[in-house]
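Enquirer: A single structure is presented below for examination.
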Amino acid sequence: MKLKTKLFGSTYSFKDVKEVLGKANEEKSGDQLLGIAAGSVSERVAAKVVLSELTLEELRKNPVIPYEADEVTRVIDDLVNESIYKEIKNWTVGYFREYILNHKTTGADILRVSKALTGEMVAAVAKLMSNMDLVYGASKIRVTGKANYEIGKPGTLSFRLQPNHPTDSIDGILASMMEGLSYGCGDAIIGINPVEDTVENTKRIMDAIHGFMEKWQIPTQTCVLSHISTQMQALREGAPVSVFFQSVAGTEDANKAFGIDYVLIDEAFQLIQRHGTAPGPNLMYFETGQGSEMSLNTDHGADEMTLEARTYGFAKRYKPFMVNNVSGFIGPETLFDGKQILRANLEDHFMGKLTGLPMGMAPCYTNHVNTDQNDQETATMLLAMAGANYYMGVPVGDDVMLSYQDTSYHDDATLRELLNLKPAEEFFQWLMAMGIMDQRGRLTDRAGDASLFLK
Amino acid sequence: MISEKDLKKVIEQVLLELGASGAKETCSISEEAAEQVQAIEEALPDITAVDLKKQVLVPQPENLEGLLKMKETTPARIGVWRAGPRYKTETLLRFRADHAVAMDAVFSDVSEEFLQEMNLFPIKTKCRNKDEYLTRPDLGRKFEEEELEVLRKNCVKKPQVQIYVSDGLSSTAIEANIRDILPAIQQGLEGYGVKMGTPFFVKYGRVPAMDVISETLEAEVTCVLIGERPGLATGESMSAYMAYKAEVNMPEARRTVVSNIHKGGTPAVEAGAHIAHILKLMLDKKASGLDLKL
């Protein structure tokens with residue numbers, strides 16, 4: 001294993017794979033805060049050069065946290081398909097990049113290789129890619145998910161309707177929901193982040209949104225994003241749930257801080273398969289984002305991008321219906337500005353797809369980051385080109401419960417028009433029957449009037 | 001001169017405020033409304049003064065009354081209509097204004113004039129500038145020795161209650177609330193016969209900086225008034241964090257917080273009296289945070 005190189009005659013050496021992975025990252029404030037970022041632009045490129053010559057086997061044998069010390073490392077390594085791994089273990093990361101980009105390599109080829117990848121390999125190849133590489137590479141890979149209905153098929157773009165309310169008022173939630181539906185949003189899922197994480201409140205919201213879905217025969221699925229143990233209890237008590245939600249991270253400690261481990265998620269997955277209202281087979285919805293481990297002091301000195309790739313490896317165990325990335329939600333100590341958020345968005349979408357996940361994106365920002373609506377819209381358009389399965393839908397992008405900005409109902413409709421994409425098939429039919437969308441997938445004159453649903 | 005479009009907008013708003021259901025019937029304009037219109041001089045109307053909860057931009061909704069009722073149930077920006085698939089100009093500009101006021105709250109500094117007016121001398125944490133403050137939470141809780149020396153020189157030692165002000169994530173919140181809240185707290189404490197230390201200002205401060213302050217001045221109770229992370233259109237929100245014998249590396253659970261201090265939440269004067277009461281309780285019970293039953 002060579003951990004040393006020269007650039008313009010100057011020598012750069014690194015002590016281990018973990019240091020190379022950290023320093024090969026594009027500039028991120030989170031890595032700088034941990035003191036693991038490259039000290040200069042040249043050192044960053046030197047790390048990329050060293051990384052490009054490492055083999056996939058060397059990456060597997062040097063996880064950022066050892067197999068014995070971390071459950072996430074074990075979950076990922078135990079999922080590796082050993083036959084396929086034998087075929088690719090001698091590939092260098094530089095070769096792997098070119099393999100993904102090669103015209104002869106199809107999405108199916110990449111998804112086959114994906115069965116033998118660990119988080120460190122996925123992160124490594126993404127670190128060698130430019131922004132356009134990340135968009136192009138990801139655009140080859142389609143991964144669909146089906147709970148009640150299937151999303152992520154070629155030619156479609158779906159949206160999670162996110163009608164949150166600052167006091168969990170059912171009337172208020174339904175008001176934003178009707179508005180979103182009138183813009184054609186909600187085919188991925190209708191999901192509420194509750195303020196109050198109790199079983200009673202979770203059941204109350206589950207009943208209300210499920211009831212509305214039934215009343216209007218909306219071909220979609222629902223969930224309430226309280227803690228998974230709360231949702232499990234609500235389901236045991238008979239609440240109607242299509243999909244379970246949970247935030248996950250890339251280290252055992254971080255997951256512990258979220259109040260989960262793989263035993264609990266295994267149990268949840270079994271429970272929703274047996275008692276949920278949707279046939280599946282994909283019944284889990286995970287949320288992730290760069291920097292969560294660091295903000296919980298559970299990073300083990302590993303860079304936030306590699307930890308994010310490990311998060312995807314953990315999520316893969318559950319064949320999820322959707323994985324949603326919210327890099328940008330935490331704040332400037334993890335991603336400093338619009339440029340860093342955009343880069344993280346493109347990396348995460350690519351890494352998720354390469355891991356074989358049905359990746360959706362929430363390019364978002366808080367008010368204490370040096371970025372604005374224009375940066376966010378740019379990220380959103382690029383991710384749509386890259387082929388994200390879905391986005392969030394928030395009224396005018398202003399989430400009045402979580403206090404951050406995300407994609408809006410208007411953005412959703414615009415992206416479909418721009419890229420000539422349709423909603424998921426059954427939902428598209430429903431929108432046309434409701435007179436909200438025409439056959440070309442454009443909003444009709446009626447669209448945008450929430451009072452359509454006041455009957 | 002006010003343009004016809006502006007005139008129409010003002011009239012619509014006035015009609016809505018008067019409770020008229022058909023905002024579009026601009027022909028039935030009342031005399032009072034006309035007077036209000038004339039009272040507006042050269043400047044364009046302040047778009048941020050429009051009460052979004054009462055505004056429906058959908059031109060011909062199936063059920064306008066129903067839509068207005070829906071809007072009462074949520075602060076979410078619904079009923080906004082569209083230009084093609086995009087926002088109407090009014091919606092876009094209002095969003096940008098609401099974000100702008102939040103960003104300005106974070107990225108501007110509390111002015112020196114304000115600190116002089118309030119008689120607060122400044123010290124600063126180890127952060128060198130705003131960017132470093134935002135990206136290095138670890139530095140926002142530490143001080144160079146010479147800064148602490150300034151504290152020792154200028155402050156009463158071993159105060160019963162040490163109150164200080166810090167910018168945190170909103171300078172706007174400080175300038176909006178401190179004028180009212182500091183005297184209110186002081187008055188409250190005097191009423192209880194409690195002695196307050198010398199107030200000052202900490203630039204680029206995070207909440208745990210109060211632990212260093214507490215140790216340096218040997219305060220019995222320490223209270224920081226600090227700007228909160230702004231939401232859209234709400235740059236003025238401030239919090240008070242308080243702790244009994246705060247010390248570096250103590251558990252977060254030992255802090256008591258009063259948050260959401262601003263005109264639209266708990267107004268500063270009211271919050272001041274409440275905070276004084278809590279501070280007195282901390283002195284009496286010799287406890288704070290989870291250990292203190294409020």
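Chain labels run A, B, ... following the order of the structure tokens; each chain numbers its residues from 1, and ligands are numbered from 1 in the order shown.
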Using only C-alpha atoms, find each residue in chain A having at least one atom no more than 8 Å away from chain B; report its shortest atom-to-atom pair and that distance in Å (one decimal), rows by chain then rising number, as a Markdown table.

Expert:
```
| residue | atom | partner | partner_atom | distance |
| --- | --- | --- | --- | --- |
| A:Ser29 | CA | B:Thr135 | CA | 6.4 |
| A:Gly30 | CA | B:Thr135 | CA | 7.8 |
| A:Leu33 | CA | B:Arg136 | CA | 6.3 |
| A:His165 | CA | B:Thr74 | CA | 6.8 |
| A:Ser169 | CA | B:Thr73 | CA | 7.5 |
| A:Asp171 | CA | B:Thr73 | CA | 6.1 |
| A:Gly172 | CA | B:Thr73 | CA | 4.6 |
| A:Ile173 | CA | B:Thr74 | CA | 7.7 |
| A:Ala175 | CA | B:Met70 | CA | 5.5 |
| A:Ser176 | CA | B:Ile78 | CA | 6.6 |
| A:Glu179 | CA | B:Ile78 | CA | 6.4 |
| A:Pro332 | CA | B:Thr135 | CA | 5.5 |
| A:Glu333 | CA | B:Thr135 | CA | 4.0 |
| A:Thr334 | CA | B:Thr135 | CA | 7.4 |
| A:Phe336 | CA | B:Thr135 | CA | 6.9 |
| A:Asn367 | CA | B:Met103 | CA | 6.1 |
| A:His368 | CA | B:Val106 | CA | 6.1 |
| A:Asn370 | CA | B:Met103 | CA | 8.0 |
| A:Gln373 | CA | B:Arg96 | CA | 8.0 |
| A:Pro395 | CA | B:Arg77 | CA | 5.4 |
| A:Val396 | CA | B:Arg77 | CA | 6.0 |
| A:Asp398 | CA | B:Ala76 | CA | 7.2 |
| A:Asp399 | CA | B:Ala76 | CA | 7.3 |
| A:Val400 | CA | B:Ala76 | CA | 6.0 |
| A:Ser403 | CA | B:Gly231 | CA | 5.7 |
| A:Tyr404 | CA | B:Gly231 | CA | 7.3 |
| A:His410 | CA | B:Arg86 | CA | 5.5 |
| A:Asp411 | CA | B:Arg86 | CA | 7.2 |
| A:Ala413 | CA | B:Pro85 | CA | 6.0 |
| A:Thr414 | CA | B:Pro85 | CA | 5.4 |
| A:Leu443 | CA | B:Pro85 | CA | 7.4 |
| A:Gly448 | CA | B:Trp81 | CA | 5.7 |
| A:Asp449 | CA | B:Pro61 | CA | 5.9 |
| A:Ala450 | CA | B:Gly79 | CA | 7.0 |
| A:Ser451 | CA | B:Asn63 | CA | 5.6 |
| A:Leu452 | CA | B:Glu62 | CA | 6.3 |
| A:Leu454 | CA | B:Gly66 | CA | 7.1 |
```

Enquirer: May I have the residues from that selection written out with C-alpha atoms, as an mmCIF file, in the first residue's frame?

Expert:
```cif
data_model
loop_
_atom_site.group_PDB
_atom_site.id
_atom_site.type_symbol
_atom_site.label_atom_id
_atom_site.label_comp_id
_atom_site.auth_asym_id
_atom_site.auth_seq_id
_atom_site.Cartn_x
_atom_site.Cartn_y
_atom_site.Cartn_z
ATOM 1 C CA SER A 29 -15.990 23.015 7.453
ATOM 2 C CA GLY A 30 -16.830 19.850 9.430
ATOM 3 C CA LEU A 33 -13.351 21.555 12.728
ATOM 4 C CA HIS A 165 -47.331 22.284 11.604
ATOM 5 C CA SER A 169 -52.828 20.878 14.515
ATOM 6 C CA ASP A 171 -56.570 21.077 10.534
ATOM 7 C CA GLY A 172 -53.309 22.919 9.861
ATOM 8 C CA ILE A 173 -51.593 19.763 8.603
ATOM 9 C CA ALA A 175 -54.544 22.560 4.982
ATOM 10 C CA SER A 176 -50.919 22.310 3.816
ATOM 11 C CA GLU A 179 -52.339 22.765 -0.980
ATOM 12 C CA PRO A 332 -22.215 25.965 8.935
ATOM 13 C CA GLU A 333 -20.032 23.973 11.352
ATOM 14 C CA THR A 334 -20.550 20.943 9.061
ATOM 15 C CA PHE A 336 -19.963 26.206 5.499
ATOM 16 C CA ASN A 367 -30.757 30.701 8.299
ATOM 17 C CA HIS A 368 -27.282 30.813 9.832
ATOM 18 C CA ASN A 370 -24.076 31.837 4.071
ATOM 19 C CA GLN A 373 -32.604 30.431 -2.341
ATOM 20 C CA PRO A 395 -45.283 25.294 1.162
ATOM 21 C CA VAL A 396 -43.071 27.969 -0.447
ATOM 22 C CA ASP A 398 -40.674 27.400 4.432
ATOM 23 C CA ASP A 399 -41.025 24.584 6.978
ATOM 24 C CA VAL A 400 -42.909 26.268 9.807
ATOM 25 C CA SER A 403 -37.523 26.175 10.797
ATOM 26 C CA TYR A 404 -35.409 25.576 7.710
ATOM 27 C CA HIS A 410 -43.740 25.015 -6.977
ATOM 28 C CA ASP A 411 -40.207 23.628 -7.397
ATOM 29 C CA ALA A 413 -43.995 21.120 -10.594
ATOM 30 C CA THR A 414 -41.248 23.144 -12.296
ATOM 31 C CA LEU A 443 -50.480 21.809 -14.047
ATOM 32 C CA GLY A 448 -52.870 25.432 -6.953
ATOM 33 C CA ASP A 449 -56.353 25.813 -5.479
ATOM 34 C CA ALA A 450 -56.373 23.862 -2.214
ATOM 35 C CA SER A 451 -60.101 24.476 -1.809
ATOM 36 C CA LEU A 452 -60.675 21.755 -4.426
ATOM 37 C CA LEU A 454 -63.088 21.188 0.681
#
```

Enquirer: Where does DSSP see helix (DSSP H, G or I) in stretch 14-135 of chain A, if you list the residues as a ChimeraX atom specification?

Expert: /A:17-23,29-34,41-53,56-61,67-69,71-78,82-88,93-101,107-114,119-127,131-135

Enquirer: Tell me, as a VMD selection string, which residues lie within 12 Å of B:Thr266, counting only C-alpha atoms; anything in the same chain fewer than 6 positions away does not count.

Expert: chain B and resid 177 181 236 to 240 258 to 260 272 to 275

Enquirer: Tell me which protein, DNA and RNA residues are within 6 Å of stretch 139-153 of chain A, counting only C-alpha atoms, leaving out same-chain ones fewer than 6 positions away, and put them as number ranges by chain.

Expert: A: 107, 278, 280, 282-283, 321, 358, 386-387, 389, 424

Enquirer: Report, in Å with one decimal, the straight-line distance from atom CA of A:Ala123 to atom CA of A:Arg343.

Expert: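 These two atoms are separated by 13.2 Å.
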
Enquirer: Just the residues within 6 Å of B:Val161, please, counting only C-alpha atoms, with nothing from its chain fewer than 5 positions along; format it as number ranges by chain.

Expert: B: 196-197, 221-222

Enquirer: Based on the selection just made, write C-alpha atoms of those residues as a short mmCIF file (atom, residue, chain, number, x, y, z; two decimals), in the first residue's frame.

Expert:
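The resulting file, again-v2.cif, is shown below:
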```
data_model
loop_
_atom_site.label_atom_id
_atom_site.label_comp_id
_atom_site.auth_asym_id
_atom_site.auth_seq_id
_atom_site.Cartn_x
_atom_site.Cartn_y
_atom_site.Cartn_z
CA MET B 196 -26.37 42.08 40.49
CA GLY B 197 -22.77 42.05 39.19
CA VAL B 221 -25.67 32.44 39.54
CA THR B 222 -24.79 33.35 35.93
#
```

Enquirer: I want to know what sits within 12 Å of A:Val20, based on only C-alpha atoms, with residues of the same chain fewer than 4 positions away left out; could you give that as number ranges by chain?

Expert: A: 1-5, 12-16, 24-25, 36-38, 43-54, 59, 62-64, 120, 123-124, 127-128, 302-303, 306

Enquirer: Excluding stretch 119-130 of chain B and residues on its chain fewer than 5 positions from it, collect all residues at most 8 Å away from it, counting only C-alpha atoms, and give them as a list in words.

Expert: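 Answer for this query is Phe107, Arg136, Leu139, Gly140, Arg141, Lys142, Phe143, Glu144, Glu147, Val150, Leu151, Pro199, Phe200, Phe201, Val202, Lys203, Tyr204, Gly205 and Ala209 of chain B.
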
Enquirer: I need the residues in stretch 242-291 of chain B that are strand (DSSP E) according to DSSP; give them as a list of chain:residue names.

Expert: B:Met242, B:Ala243, B:Tyr244, B:Thr256, B:Val257, B:Val258, B:Ser259, B:Asn260, B:Ile261

Enquirer: Please determine, counting only C-alpha atoms, which residue among A:Asn255, A:Thr222, A:Thr118, A:Ser42 has the shortest atom-to-atom distance to A:Leu161.

Expert: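 That would be A:Thr222, the residue with the smallest distance to A:Leu161.
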
Enquirer: Which one is closest to B:Asp180: B:Lys53, B:Lys263, B:Lys245, B:Lys285? Count only C-alpha atoms.

Expert: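 That would be B:Lys263, the residue with the smallest distance to B:Asp180.
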